[in-house]
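Shown here: protein.txt, compact mmCIF, C-alpha atoms.
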# COMPACT_ATOMS: atom_id res chain seq x y z
CA MET J 32 93.39 107.92 108.04
CA THR J 33 94.05 105.75 104.99
CA THR J 34 96.72 103.07 105.29
CA LYS J 35 98.89 102.73 102.19
CA LEU J 36 100.36 99.36 101.30
CA LEU J 37 102.83 98.77 98.47
CA ILE J 38 102.72 95.43 96.66
CA GLY J 39 105.78 94.53 94.63
CA LEU J 40 104.80 92.31 91.72
CA ASP J 41 107.24 90.19 89.75
CA GLY J 42 105.02 88.75 87.04
CA GLN J 43 105.32 85.32 88.69
CA SER J 44 103.14 83.27 91.03
CA SER J 45 105.00 84.79 93.99
CA GLY J 46 103.61 88.18 92.99
CA ASP J 47 100.12 86.71 92.82
CA ARG J 48 100.52 85.39 96.36
CA ALA J 49 101.67 88.82 97.55
CA LEU J 50 98.68 90.43 95.85
CA THR J 51 96.25 87.99 97.49
CA PHE J 52 97.80 88.64 100.89
CA ALA J 53 97.60 92.42 100.39
CA GLU J 54 94.00 92.18 99.17
CA ASN J 55 93.00 90.26 102.31
CA LEU J 56 94.93 92.67 104.54
CA ALA J 57 93.27 95.68 102.90
CA LYS J 58 89.86 94.17 103.59
CA LEU J 59 90.80 93.68 107.26
CA ILE J 60 92.12 97.23 107.57
CA GLY J 61 89.09 98.73 105.86
CA ASP J 62 90.45 102.15 104.91
CA ALA J 63 93.42 101.06 102.78
CA GLU J 64 94.91 102.08 99.46
CA LEU J 65 97.14 99.67 97.56
CA LEU J 66 100.03 100.71 95.39
CA VAL J 67 100.76 97.96 92.86
CA VAL J 68 104.36 98.26 91.64
CA TYR J 69 106.37 96.39 89.03
CA VAL J 70 110.09 97.16 88.72
CA ILE J 71 112.02 96.30 85.58
CA GLU J 72 115.68 95.70 86.40
CA TRP J 73 117.69 98.41 84.69
CA SER J 74 121.24 99.61 84.92
CA PRO J 75 122.13 102.94 83.32
CA TYR J 76 124.95 103.14 80.78
CA SER J 77 126.74 106.44 80.49
CA PHE J 78 129.13 105.44 77.70
CA GLN J 79 126.71 104.93 74.81
CA THR J 80 126.34 106.98 71.67
CA PRO J 81 123.34 109.32 71.35
CA GLU J 82 121.80 106.91 68.82
CA GLU J 83 122.16 103.97 71.20
CA ASN J 84 120.63 106.01 74.01
CA ALA J 85 117.65 106.92 71.81
CA GLN J 86 117.07 103.24 70.95
CA ARG J 87 117.43 102.28 74.58
CA HIS J 88 114.93 104.95 75.64
CA LYS J 89 112.40 103.66 73.10
CA ARG J 90 112.89 100.08 74.35
CA ARG J 91 112.48 101.28 77.92
CA GLU J 92 109.15 102.96 77.14
CA GLU J 93 107.95 99.80 75.37
CA GLU J 94 108.91 97.68 78.40
CA ILE J 95 106.98 99.99 80.74
CA SER J 96 103.90 99.81 78.53
CA THR J 97 104.10 96.01 78.26
CA ALA J 98 104.57 95.55 82.02
CA MET J 99 101.63 97.83 82.75
CA GLU J 100 99.42 95.95 80.29
CA ARG J 101 100.41 92.39 81.25
CA VAL J 102 101.12 92.60 84.99
CA VAL J 103 99.86 95.76 86.68
CA THR J 104 96.53 96.42 84.93
CA PRO J 105 95.15 92.91 85.58
CA ALA J 106 96.08 93.30 89.27
CA LEU J 107 94.35 96.68 89.42
CA GLU J 108 91.23 95.27 87.77
CA ARG J 109 91.15 92.42 90.29
CA LEU J 110 91.45 94.85 93.22
CA GLU J 111 88.84 97.19 91.77
CA ALA J 112 86.41 94.27 91.40
CA ALA J 113 86.99 93.53 95.10
CA GLY J 114 86.18 97.15 95.98
CA ILE J 115 89.74 98.11 96.91
CA THR J 116 91.28 101.44 95.94
CA ALA J 117 94.55 100.91 94.07
CA GLN J 118 96.93 102.56 91.67
CA GLY J 119 99.71 101.09 89.55
CA ILE J 120 103.30 102.09 88.91
CA VAL J 121 105.96 100.62 86.63
CA ARG J 122 109.56 101.79 86.97
CA HIS J 123 113.03 100.81 85.81
CA GLY J 124 115.81 100.36 88.34
CA ASN J 125 117.18 98.20 91.10
CA VAL J 126 114.16 96.35 92.52
CA ALA J 127 114.90 96.77 96.24
CA ASP J 128 116.02 100.40 95.97
CA THR J 129 113.13 101.37 93.71
CA LEU J 130 110.45 99.78 95.90
CA ASP J 131 111.93 101.44 98.99
CA SER J 132 112.14 104.81 97.23
CA ILE J 133 108.53 104.64 96.03
CA ALA J 134 107.41 103.61 99.53
CA ALA J 135 109.14 106.66 101.02
CA LYS J 136 107.74 109.09 98.42
CA GLN J 137 104.21 107.71 98.72
CA ASN J 138 104.22 107.53 102.55
CA VAL J 139 103.57 103.79 102.51
CA SER J 140 103.14 101.94 105.82
CA GLN J 141 104.28 98.53 104.60
CA ILE J 142 105.78 96.77 101.57
CA ILE J 143 104.44 93.34 100.61
CA VAL J 144 106.37 91.07 98.25
CA GLY J 145 106.50 87.41 97.33
CA ARG J 146 109.43 85.22 98.27
CA SER J 147 112.15 85.53 95.68
CA THR J 148 112.21 83.08 92.80
CA GLU J 149 115.82 83.90 91.90
CA THR J 150 118.20 80.95 91.80
CA GLY J 151 121.69 80.09 90.75
CA LEU J 152 124.78 82.20 90.37
CA SER J 153 123.13 85.63 90.36
CA LYS J 154 121.47 84.96 93.72
CA ARG J 155 124.74 83.77 95.27
CA ILE J 156 126.68 86.79 93.99
CA PHE J 157 124.17 89.61 94.35
CA GLY J 158 121.59 88.23 96.78
CA SER J 159 117.92 88.22 95.97
CA SER J 160 115.92 91.39 95.49
CA THR J 161 113.65 90.30 98.32
CA ALA J 162 116.54 89.77 100.74
CA ASN J 163 118.07 93.12 99.78
CA LEU J 164 114.72 94.83 100.31
CA VAL J 165 114.21 93.25 103.73
CA MET J 166 117.70 94.31 104.83
CA GLY J 167 117.51 97.87 103.52
CA ALA J 168 113.89 99.04 103.53
CA ASN J 169 112.83 102.00 105.64
CA VAL J 170 109.36 100.56 106.31
CA PRO J 171 108.27 97.06 107.41
CA VAL J 172 108.41 94.40 104.70
CA THR J 173 106.18 91.35 104.62
CA VAL J 174 107.47 88.44 102.54
CA VAL J 175 104.75 86.05 101.43
CA SER J 176 105.68 82.41 100.77
Let me see whether you can do it: turn the structure in this file into structure tokens.
Amino acid sequence: MTTKLLIGLDGQSSGDRALTFAENLAKLIGDAELLVVYVIEWSPYSFQTPEENAQRHKRREEEISTAMERVVTPALERLEAAGITAQGIVRHGNVADTLDSIAAKQNVSQIIVGRSTETGLSKRIFGSSTANLVMGANVPVTVVS
């Protein structure tokens, strides 16, 4: 049976460390499939005009395309070169909730993320995405330093 691992990338060095850890783990497991995921923070607005919503939708599609091109595709190419089966996903939403939701839908055994690089006021008020994921995920989460 294939073991599915989800790697949450953040476009930073912490994501690279998580990817390296997952790559090594996949090699140890042998029959593993990696799901490389990048989540763009997004909060829906329900009080915009139809024109504003259309512009926002266009921007959203551009962000997905850019994230796939700059973050996810290079990771997939690296894994493919190492002989590891992988697929990529880019979504908008709350990072912790979105990673957990994708893990549930894809029947993932484990989520692997890098230690949060968030600092300052937002971290003190909202907590880091990594901490929120660890506290609320429905599957084990490995946090790579």
I'd like the interatomic distance between atom CA of Thr116 of chain J and atom CA of Lys35 of chain J, to a tenth of an Å.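 Interatomic distance here is 9.9 Å.
If you look at atom CA of Asn125 of chain J and atom CA of Pro105 of chain J, they are 23.3 Å away from each other.
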Check your understanding: With all atoms listed in the file as the atoms that count, which of J:Val174, J:Ile60, J:Ala49, J:Val165 lies nearest to Asp128 of chain J?
Key ->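 So, comparing all the options, the nearest one is J:Val165.
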With distances taken over only C-alpha atoms, the candidate from J:Val172, J:Ala57, J:Ile95, J:Leu65 nearest Ala127 of chain J is J:Val172
*asked:* Can you tell me which residues surround Ile142 of chain J at a distance of at most 7 Å, considering only C-alpha atoms, apart from same-chain residues fewer than 3 positions away, and format the answer as a VMD selection string?
replied: chain J and resid 36 to 38 171 to 173
| request: Find the residues around Thr33 of chain J up to 8 Å (all atoms listed in the file counted), leave out those fewer than 5 positions away in its own chain, and share them as a PyMOL selection string. | output: chain J and resi 62-64
Hey, can you spit out that residue selection with C-alpha atoms as a short mmCIF file (atom, residue, chain, number, x, y, z; two decimals), in the frame of the given file?
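selection_22.cif, freshly written:
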data_model
loop_
_atom_site.label_atom_id
_atom_site.label_comp_id
_atom_site.auth_asym_id
_atom_site.auth_seq_id
_atom_site.Cartn_x
_atom_site.Cartn_y
_atom_site.Cartn_z
CA ASP J 62 90.45 102.15 104.91
CA ALA J 63 93.42 101.06 102.78
CA GLU J 64 94.91 102.08 99.46
#
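Contact shell of Val121 of chain J at 10 Å (only C-alpha atoms; same-chain neighbours under 6 positions omitted): Leu40, Val67, Val68, Tyr69, Val70, Ile71, Glu94, Ile95, Ser96, Thr97, Ala98, Met99, Val102 and Val103 of chain J.
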key: Given all atoms listed in the file as the counted atoms, nearest of J:Glu54, J:Met166, J:Thr129, J:Lys89 to Ala112 of chain J   =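 Checking each candidate against Ala112 of chain J, we get J:Glu54 as the closest.
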For Gln137 of chain J, which of J:Val170, J:Leu107, J:Ala162, J:Ala85 is the closest residue, counting all atoms listed in the file?
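Ranked by minimum distance to Gln137 of chain J, first place goes to J:Val170.
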ask   = Pick from J:Trp73, J:Gly114, J:Val144, J:Leu56: nearest to Arg91 of chain J, with all atoms listed in the file counted?
value =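 Looking only at the distances to Arg91 of chain J, the closest residue turns out to be J:Trp73.
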Here atom CA of Arg87 of chain J and atom CA of Ile133 of chain J stand apart by 23.3 Å
With distances taken over only C-alpha atoms, the candidate from J:Asn169, J:Thr104, J:Gln118, J:Asn163 nearest Asp131 of chain J is J:Asn169
Six-sided padding of 4 Å per side, axis-aligned box over segment 143-146 of chain J, centre and edges in Å, one decimal, as AutoDock Vina command-line options:
--center_x 106.9 --center_y 89.3 --center_z 99.0 --size_x 13.0 --size_y 16.1 --size_z 11.3
